[in-house]
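Asks: Contents of entry_27.pdb (PDB, C-alpha atoms):
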```
ATOM      1  CA  MET A   5     -12.630  31.095 -14.024
ATOM      2  CA  ARG A   6     -14.631  27.865 -13.638
ATOM      3  CA  TYR A   7     -12.945  26.540 -16.789
ATOM      4  CA  GLU A   8      -9.479  27.301 -15.353
ATOM      5  CA  ILE A   9     -10.334  25.657 -11.993
ATOM      6  CA  LYS A  10     -11.633  22.593 -13.834
ATOM      7  CA  ASN A  11      -8.368  22.340 -15.795
ATOM      8  CA  VAL A  12      -6.307  22.671 -12.603
ATOM      9  CA  LEU A  13      -8.314  19.930 -10.917
ATOM     10  CA  LEU A  14      -7.935  17.666 -13.946
ATOM     11  CA  LEU A  15      -4.183  18.318 -14.060
ATOM     12  CA  THR A  16      -3.853  17.605 -10.317
ATOM     13  CA  ALA A  17      -5.768  14.354 -10.707
ATOM     14  CA  TYR A  18      -3.610  13.365 -13.679
ATOM     15  CA  CYS A  19      -0.406  14.054 -11.751
ATOM     16  CA  SER A  20      -1.634  12.040  -8.783
ATOM     17  CA  LEU A  21      -2.558   9.178 -11.081
ATOM     18  CA  PHE A  22       0.824   9.331 -12.843
ATOM     19  CA  THR A  23       2.687   9.331  -9.525
ATOM     20  CA  ALA A  24       0.682   6.344  -8.309
ATOM     21  CA  TYR A  25       1.431   4.240 -11.379
ATOM     22  CA  CYS A  26       4.874   5.659 -12.206
ATOM     23  CA  PRO A  27       6.519   6.485  -8.867
ATOM     24  CA  LEU A  28       9.784   8.340  -8.988
ATOM     25  CA  SER A  29      12.596   5.852  -8.429
ATOM     26  CA  ALA A  30      15.235   6.463  -5.788
ATOM     27  CA  SER A  31      18.657   7.601  -6.914
ATOM     28  CA  PRO A  32      21.535   5.104  -6.693
ATOM     29  CA  TRP A  33      23.029   7.143  -3.858
ATOM     30  CA  GLN A  34      19.770   6.902  -1.897
ATOM     31  CA  VAL A  35      19.701   3.134  -2.307
ATOM     32  CA  TYR A  36      23.367   2.903  -1.327
ATOM     33  CA  LYS A  37      22.833   5.009   1.799
ATOM     34  CA  GLU A  38      19.870   2.843   2.814
ATOM     35  CA  ALA A  39      21.950  -0.294   2.263
ATOM     36  CA  LYS A  40      24.904   1.070   4.269
ATOM     37  CA  ARG A  41      22.621   2.176   7.093
ATOM     38  CA  ALA A  42      21.085  -1.296   7.284
ATOM     39  CA  TYR A  43      24.539  -2.896   7.171
ATOM     40  CA  THR A  44      25.911  -0.637   9.908
ATOM     41  CA  GLN A  45      22.924  -1.343  12.148
ATOM     42  CA  GLY A  46      23.208  -5.094  11.697
ATOM     43  CA  GLU A  47      20.104  -5.461   9.514
ATOM     44  CA  PHE A  48      21.988  -7.781   7.179
ATOM     45  CA  GLU A  49      19.024  -9.205   5.266
ATOM     46  CA  LEU A  50      17.761  -5.732   4.379
ATOM     47  CA  ALA A  51      21.288  -4.588   3.514
ATOM     48  CA  LYS A  52      21.768  -7.587   1.220
ATOM     49  CA  LYS A  53      18.472  -6.822  -0.525
ATOM     50  CA  LYS A  54      19.373  -3.160  -1.021
ATOM     51  CA  PHE A  55      22.861  -3.865  -2.366
ATOM     52  CA  GLU A  56      21.378  -6.390  -4.809
ATOM     53  CA  GLU A  57      18.803  -3.773  -5.866
ATOM     54  CA  LEU A  58      21.619  -1.319  -6.549
ATOM     55  CA  ARG A  59      23.540  -3.863  -8.630
ATOM     56  CA  LYS A  60      20.448  -4.829 -10.610
ATOM     57  CA  ASN A  61      18.889  -1.428 -11.293
ATOM     58  CA  TYR A  62      21.896   0.888 -11.568
ATOM     59  CA  LYS A  63      24.489  -1.096 -13.507
ATOM     60  CA  ASN A  64      26.342   1.985 -14.784
ATOM     61  CA  THR A  65      26.767   3.781 -11.494
ATOM     62  CA  GLU A  66      30.162   4.287  -9.884
ATOM     63  CA  LEU A  67      28.751   2.593  -6.788
ATOM     64  CA  ILE A  68      28.623  -0.882  -8.362
ATOM     65  CA  PRO A  69      32.003  -2.113  -6.995
ATOM     66  CA  TYR A  70      30.988  -0.978  -3.510
ATOM     67  CA  ALA A  71      27.671  -2.795  -3.805
ATOM     68  CA  MET A  72      29.520  -5.908  -4.998
ATOM     69  CA  TYR A  73      31.976  -5.708  -2.122
ATOM     70  CA  TYR A  74      29.311  -5.523   0.563
ATOM     71  CA  SER A  75      27.238  -8.158  -1.205
ATOM     72  CA  GLY A  76      30.287 -10.396  -1.009
ATOM     73  CA  LYS A  77      30.675  -9.754   2.717
ATOM     74  CA  LEU A  78      27.018 -10.646   3.242
ATOM     75  CA  GLU A  79      26.991 -13.684   0.939
ATOM     76  CA  GLU A  80      26.453 -17.066   2.625
ATOM     77  CA  ASN A  81      28.100 -19.014  -0.197
ATOM     78  CA  PRO A  82      31.871 -18.275  -0.092
ATOM     79  CA  LYS A  83      32.339 -19.239  -3.753
ATOM     80  CA  VAL A  84      29.764 -16.650  -4.806
ATOM     81  CA  ALA A  85      31.451 -14.072  -2.582
ATOM     82  CA  VAL A  86      34.850 -14.765  -4.149
ATOM     83  CA  SER A  87      33.317 -14.451  -7.605
ATOM     84  CA  LEU A  88      32.058 -10.963  -6.684
ATOM     85  CA  TYR A  89      35.469  -9.974  -5.313
ATOM     86  CA  LYS A  90      37.195 -11.191  -8.474
ATOM     87  CA  THR A  91      34.789  -9.163 -10.610
ATOM     88  CA  ILE A  92      35.752  -6.057  -8.635
ATOM     89  CA  VAL A  93      39.464  -6.769  -9.093
ATOM     90  CA  ASP A  94      39.116  -7.493 -12.825
ATOM     91  CA  SER A  95      36.521  -4.905 -13.849
ATOM     92  CA  TYR A  96      37.032  -2.120 -11.292
ATOM     93  CA  PRO A  97      40.765  -2.222 -10.425
ATOM     94  CA  ASP A  98      40.801   1.503  -9.614
ATOM     95  CA  SER A  99      37.962   1.225  -7.128
ATOM     96  CA  LYS A 100      38.756   2.068  -3.515
ATOM     97  CA  VAL A 101      37.534  -1.392  -2.483
ATOM     98  CA  ALA A 102      39.589  -3.374  -5.022
ATOM     99  CA  ASP A 103      42.460  -3.928  -2.583
ATOM    100  CA  ASN A 104      40.092  -5.083   0.162
ATOM    101  CA  ALA A 105      38.398  -7.428  -2.308
ATOM    102  CA  LEU A 106      41.807  -8.895  -3.157
ATOM    103  CA  TYR A 107      42.602  -9.389   0.501
ATOM    104  CA  ARG A 108      39.329 -11.258   1.061
ATOM    105  CA  ILE A 109      40.168 -13.537  -1.868
ATOM    106  CA  THR A 110      43.484 -14.400  -0.203
ATOM    107  CA  GLN A 111      41.706 -15.222   3.056
ATOM    108  CA  TYR A 112      39.202 -17.461   1.283
ATOM    109  CA  TYR A 113      41.951 -19.518  -0.332
ATOM    110  CA  TYR A 114      43.808 -19.742   2.962
ATOM    111  CA  ALA A 115      40.674 -20.959   4.779
ATOM    112  CA  THR A 116      40.113 -23.620   2.115
ATOM    113  CA  ASN A 117      43.753 -24.794   2.376
ATOM    114  CA  ASN A 118      44.675 -23.542  -1.102
ATOM    115  CA  TYR A 119      47.849 -21.848   0.110
ATOM    116  CA  LYS A 120      49.362 -21.494  -3.350
ATOM    117  CA  GLU A 121      46.454 -19.384  -4.629
ATOM    118  CA  SER A 122      46.391 -17.424  -1.399
ATOM    119  CA  ALA A 123      50.069 -16.573  -1.878
ATOM    120  CA  ASN A 124      49.520 -15.635  -5.533
ATOM    121  CA  TYR A 125      46.780 -13.153  -4.681
ATOM    122  CA  LEU A 126      48.763 -11.746  -1.771
ATOM    123  CA  LYS A 127      51.622 -10.967  -4.166
ATOM    124  CA  ILE A 128      49.195  -9.291  -6.584
ATOM    125  CA  LEU A 129      47.824  -7.190  -3.737
ATOM    126  CA  ILE A 130      51.283  -6.126  -2.583
ATOM    127  CA  GLU A 131      52.418  -5.297  -6.131
ATOM    128  CA  LYS A 132      49.324  -3.459  -7.374
ATOM    129  CA  TYR A 133      48.244  -1.647  -4.204
ATOM    130  CA  PRO A 134      51.375  -0.666  -2.233
ATOM    131  CA  GLN A 135      49.448   2.105  -0.448
ATOM    132  CA  SER A 136      46.621  -0.187   0.651
ATOM    133  CA  ASP A 137      45.578  -0.272   4.287
ATOM    134  CA  CYS A 138      45.754  -4.072   3.867
ATOM    135  CA  MET A 139      49.481  -3.954   3.170
ATOM    136  CA  LYS A 140      50.624  -4.744   6.703
ATOM    137  CA  GLU A 141      48.359  -7.798   6.926
ATOM    138  CA  ALA A 142      49.225  -8.905   3.392
ATOM    139  CA  ASN A 143      52.966  -8.891   4.107
ATOM    140  CA  LYS A 144      52.422 -10.691   7.393
ATOM    141  CA  TRP A 145      50.357 -13.459   5.778
ATOM    142  CA  LEU A 146      52.782 -13.865   2.903
ATOM    143  CA  LYS A 147      55.570 -14.458   5.426
ATOM    144  CA  ILE A 148      53.376 -16.984   7.237
ATOM    145  CA  ILE A 149      52.461 -19.129   4.226
ATOM    146  CA  GLY A 150      55.512 -18.464   2.027
ATOM    147  CA  SER A 151      55.734 -16.796  -1.383
ATOM    148  CA  LYS A 152      54.739 -20.052  -3.093
ATOM    149  CA  GLY A 153      52.374 -21.293  -0.417
ATOM    150  CA  GLU A 154      55.021 -23.760   0.691
ATOM    151  CA  ARG A 155      54.339 -23.386   4.431
ATOM    152  CA  PRO A 156      50.783 -24.731   4.815
ATOM    153  CA  PHE A 157      51.077 -25.390   8.528
ATOM    154  CA  ALA A 158      51.264 -21.773   9.502
ATOM    155  CA  LEU A 159      50.666 -20.708  13.078
ATOM    156  CA  THR A 160      47.170 -19.235  13.120
ATOM    157  CA  PHE A 161      44.245 -19.395  15.528
ATOM    158  CA  SER A 162      40.516 -19.871  15.072
ATOM    159  CA  ILE A 163      37.460 -20.249  17.263
ATOM    160  CA  GLN A 164      36.029 -23.767  17.051
ATOM    161  CA  VAL A 165      32.295 -23.728  17.660
ATOM    162  CA  GLY A 166      31.346 -27.292  16.784
ATOM    163  CA  ALA A 167      32.520 -30.707  15.598
ATOM    164  CA  PHE A 168      30.237 -33.279  13.981
ATOM    165  CA  LEU A 169      30.383 -36.763  12.529
ATOM    166  CA  LYS A 170      27.726 -35.804   9.992
ATOM    167  CA  GLN A 171      28.804 -33.164   7.479
ATOM    168  CA  GLU A 172      25.188 -31.981   7.150
ATOM    169  CA  ASN A 173      25.183 -30.826  10.785
ATOM    170  CA  ALA A 174      28.387 -28.870  10.252
ATOM    171  CA  ILE A 175      26.956 -27.187   7.151
ATOM    172  CA  ASN A 176      23.780 -26.238   9.033
ATOM    173  CA  LEU A 177      25.788 -24.608  11.827
ATOM    174  CA  LYS A 178      28.000 -22.801   9.315
ATOM    175  CA  GLU A 179      24.948 -21.374   7.542
ATOM    176  CA  LYS A 180      23.401 -20.316  10.854
ATOM    177  CA  LEU A 181      26.544 -18.448  11.910
ATOM    178  CA  THR A 182      26.922 -16.846   8.483
ATOM    179  CA  LYS A 183      23.343 -15.572   8.660
ATOM    180  CA  GLN A 184      24.157 -14.023  12.026
ATOM    181  CA  GLY A 185      26.667 -11.842  10.207
ATOM    182  CA  PHE A 186      30.051 -13.149  11.374
ATOM    183  CA  SER A 187      31.487 -13.030   7.836
ATOM    184  CA  ALA A 188      30.412  -9.407   7.569
ATOM    185  CA  ILE A 189      32.418  -8.397  10.653
ATOM    186  CA  GLY A 190      35.654 -10.154   9.725
ATOM    187  CA  GLY A 191      35.065 -13.640  11.137
ATOM    188  CA  GLU A 192      34.859 -15.923   8.132
ATOM    189  CA  VAL A 193      33.031 -19.168   8.963
ATOM    190  CA  PHE A 194      34.516 -22.327   7.477
ATOM    191  CA  ILE A 195      34.597 -26.110   7.878
ATOM    192  CA  VAL A 196      37.682 -28.254   8.427
ATOM    193  CA  SER A 197      37.047 -31.934   7.714
ATOM    194  CA  ASN A 198      38.962 -35.045   8.699
ATOM    195  CA  LYS A 199      37.415 -37.600  11.058
ATOM    196  CA  TYR A 200      35.078 -34.873  12.293
ATOM    197  CA  HIS A 201      33.608 -31.896  10.446
ATOM    198  CA  LYS A 202      34.733 -28.914  12.522
ATOM    199  CA  VAL A 203      33.101 -25.516  12.236
ATOM    200  CA  ARG A 204      35.469 -22.629  12.918
ATOM    201  CA  VAL A 205      35.262 -18.850  12.903
ATOM    202  CA  GLY A 206      38.067 -16.540  11.783
ATOM    203  CA  ASN A 207      41.799 -16.779  11.079
ATOM    204  CA  PHE A 208      43.797 -14.792  13.628
ATOM    205  CA  SER A 209      47.544 -14.315  13.810
ATOM    206  CA  THR A 210      47.631 -14.553  17.611
ATOM    207  CA  ARG A 211      45.645 -16.331  20.319
ATOM    208  CA  GLU A 212      44.977 -12.968  21.962
ATOM    209  CA  LYS A 213      43.253 -11.610  18.830
ATOM    210  CA  ALA A 214      41.114 -14.728  18.613
ATOM    211  CA  GLU A 215      40.148 -14.413  22.298
ATOM    212  CA  LEU A 216      39.320 -10.733  21.827
ATOM    213  CA  PHE A 217      37.017 -11.486  18.868
ATOM    214  CA  LYS A 218      35.405 -14.397  20.734
ATOM    215  CA  ASN A 219      34.656 -12.315  23.835
ATOM    216  CA  LYS A 220      33.550  -9.228  21.912
ATOM    217  CA  HIS A 221      30.935 -11.171  19.955
ATOM    218  CA  ASN A 222      30.035 -13.610  22.741
ATOM    219  CA  ILE A 223      30.914 -16.699  20.696
ATOM    220  CA  LYS A 224      30.574 -20.031  22.455
ATOM    221  CA  GLY A 225      33.591 -22.101  21.562
ATOM    222  CA  PHE A 226      37.290 -22.482  22.214
ATOM    223  CA  ILE A 227      40.484 -21.315  20.586
ATOM    224  CA  VAL A 228      42.364 -23.798  18.408
ATOM    225  CA  ARG A 229      45.702 -23.558  16.681
ATOM    226  CA  GLN A 230      45.621 -24.356  12.981
TER     227      GLN A 230
END
```
So that I can check it, write out the structure of this file as structure tokens.
Replies:
Amino acid sequence: MRYEIKNVLLLTAYCSLFTAYCPLSASPWQVYKEAKRAYTQGEFELAKKKFEELRKNYKNTELIPYAMYYSGKLEENPKVAVSLYKTIVDSYPDSKVADNALYRITQYYYATNNYKESANYLKILIEKYPQSDCMKEANKWLKIIGSKGERPFALTFSIQVGAFLKQENAINLKEKLTKQGFSAIGGEVFIVSNKYHKVRVGNFSTREKAELFKNKHNIKGFIVRQ
């Protein structure tokens, strides 16, 4: 009996030691749920960390395109975000977020005044994903900018939150607003430069939609027509 008890105690100690040094890793679904919870509750830094963990540690899971999509929405650098969206479109075309990734690519090119590329990706979206919930917006934007991006002075509205002589100040404000999560909730932050470097939030088809977004998120600024 003493021998059996001693073996049980040794086994228990071994298991405790093994668990301490080799903890059981969370499943990809657990990590994804934690990331989505953080994202939904506005804990964007934690959400970004969790989505990156999912992409790094579970490269073969079906959740990768979803992790990429949300990582793109949380990314401060728009070029990095677009790269993630393009990876989804190219490598995971059957994913349920592929159409939304395409739509975000079109909005990026529109915000950076590359209307031709915006139109090209809008046409891809309309052709490849006719059942997409983005279809109404995609058709609307294609009419606004033209099938070849030939109408660059489309009637759209944004919220201007600052204008600076120094580009550095505009970049600092853009980064601050991005960290606050505006890009994650549909209000892409971008800079328009001429004499002044103007920081603007969102591209809205009507002044009313811009006002609604501004008031809902308590943004200090004024509505401008692009």
Asks: Just give me the gap between atom CA of A:Asn219 and atom CA of A:Gln45 in Å, one decimal is fine.
Replies: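 Between these atoms lies a distance of 19.9 Å.
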Asks: For the file shown, what are the residues hit by the PyMOL selection byres ((chain A and resi 105) around 12), laid out as a count of residues only?
Replies: 43
Asks: Taking the file as shown, what set of residues would the PyMOL selection byres ((chain A and resi 39) around 6) give back, as number ranges by chain?
Replies: A: 36-38, 40-42, 51, 54-55
Asks: Have a look at atom CA of A:Gln184 and atom CA of A:Gly46 and let me know their distance in Å, one decimal.
Replies: 9.0 Å
Asks: Please, what distance in Å, to one decimal, runs between atom CA of A:Lys178 and atom CA of A:Ile163?
Replies: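 Distance reported for this atom pair: 12.6 Å.
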Asks: Select all residues near (35.7, -22.2, 19.6) (cut-off 6 Å, inclusive, file coordinates), counting only C-alpha atoms, and output them as a CSV table (one decimal) with C-alpha atoms, in the coordinates of the input.
Replies:
```
chain,number,residue,atom,x,y,z
A,163,ILE,CA,37.5,-20.2,17.3
A,164,GLN,CA,36.0,-23.8,17.1
A,165,VAL,CA,32.3,-23.7,17.7
A,225,GLY,CA,33.6,-22.1,21.6
A,226,PHE,CA,37.3,-22.5,22.2
A,227,ILE,CA,40.5,-21.3,20.6
```
Asks: Pick out the closest residue to A:Val203 from this set: A:Lys220, A:Lys180, A:Lys63, A:Lys152. Count all atoms listed in the file.
Replies: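 Of the candidates, the smallest distance to A:Val203 is held by A:Lys180.
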Asks: For the PyMOL selection byres ((chain A and resi 154) around 12), applied here, can you spell out every residue it catches as a PyMOL selection string?
Replies: chain A and resi 117-124+146-153+155-158
Asks: Between A:Asn176, A:Gln135, A:Thr44, A:Thr160, which one has atoms that come closest to A:Tyr114, using only C-alpha atoms?
Replies: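 Of all the options, A:Thr160 lies closest to A:Tyr114.
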Asks: List the spatial neighbours of A:Thr182 as a ChimeraX atom specification - criterion: any atom at most 12 Å away, only C-alpha atoms, same-chain residues fewer than 2 positions off excluded.
Replies: /A:48-49,76-82,175-180,184-194,203-206
Asks: Keeping C-alpha atoms for every residue in the selection just given, could you write it to a file as a short mmCIF file (atom, residue, chain, number, x, y, z; two decimals), keeping the file's coordinate frame?
Replies:
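Saved as out.cif:
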```cif
data_model
loop_
_atom_site.label_atom_id
_atom_site.label_comp_id
_atom_site.auth_asym_id
_atom_site.auth_seq_id
_atom_site.Cartn_x
_atom_site.Cartn_y
_atom_site.Cartn_z
CA PHE A 48 21.99 -7.78 7.18
CA GLU A 49 19.02 -9.20 5.27
CA GLY A 76 30.29 -10.40 -1.01
CA LYS A 77 30.68 -9.75 2.72
CA LEU A 78 27.02 -10.65 3.24
CA GLU A 79 26.99 -13.68 0.94
CA GLU A 80 26.45 -17.07 2.62
CA ASN A 81 28.10 -19.01 -0.20
CA PRO A 82 31.87 -18.27 -0.09
CA ILE A 175 26.96 -27.19 7.15
CA ASN A 176 23.78 -26.24 9.03
CA LEU A 177 25.79 -24.61 11.83
CA LYS A 178 28.00 -22.80 9.32
CA GLU A 179 24.95 -21.37 7.54
CA LYS A 180 23.40 -20.32 10.85
CA GLN A 184 24.16 -14.02 12.03
CA GLY A 185 26.67 -11.84 10.21
CA PHE A 186 30.05 -13.15 11.37
CA SER A 187 31.49 -13.03 7.84
CA ALA A 188 30.41 -9.41 7.57
CA ILE A 189 32.42 -8.40 10.65
CA GLY A 190 35.65 -10.15 9.72
CA GLY A 191 35.06 -13.64 11.14
CA GLU A 192 34.86 -15.92 8.13
CA VAL A 193 33.03 -19.17 8.96
CA PHE A 194 34.52 -22.33 7.48
CA VAL A 203 33.10 -25.52 12.24
CA ARG A 204 35.47 -22.63 12.92
CA VAL A 205 35.26 -18.85 12.90
CA GLY A 206 38.07 -16.54 11.78
#
```
Asks: Which residue out of A:Ala174, A:Phe161, A:Asn61, A:Lys183 has the minimum interatomic distance to A:Lys218 when only C-alpha atoms are used?
Replies: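 Residue with the minimum atom-to-atom distance to A:Lys218: A:Phe161.
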Asks: With distances taken over only C-alpha atoms, which of A:Lys60, A:Leu216, A:Leu67, A:Leu181 is nearest to A:Gln34?
Replies: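 Closest to A:Gln34, using only C-alpha atoms: A:Leu67.
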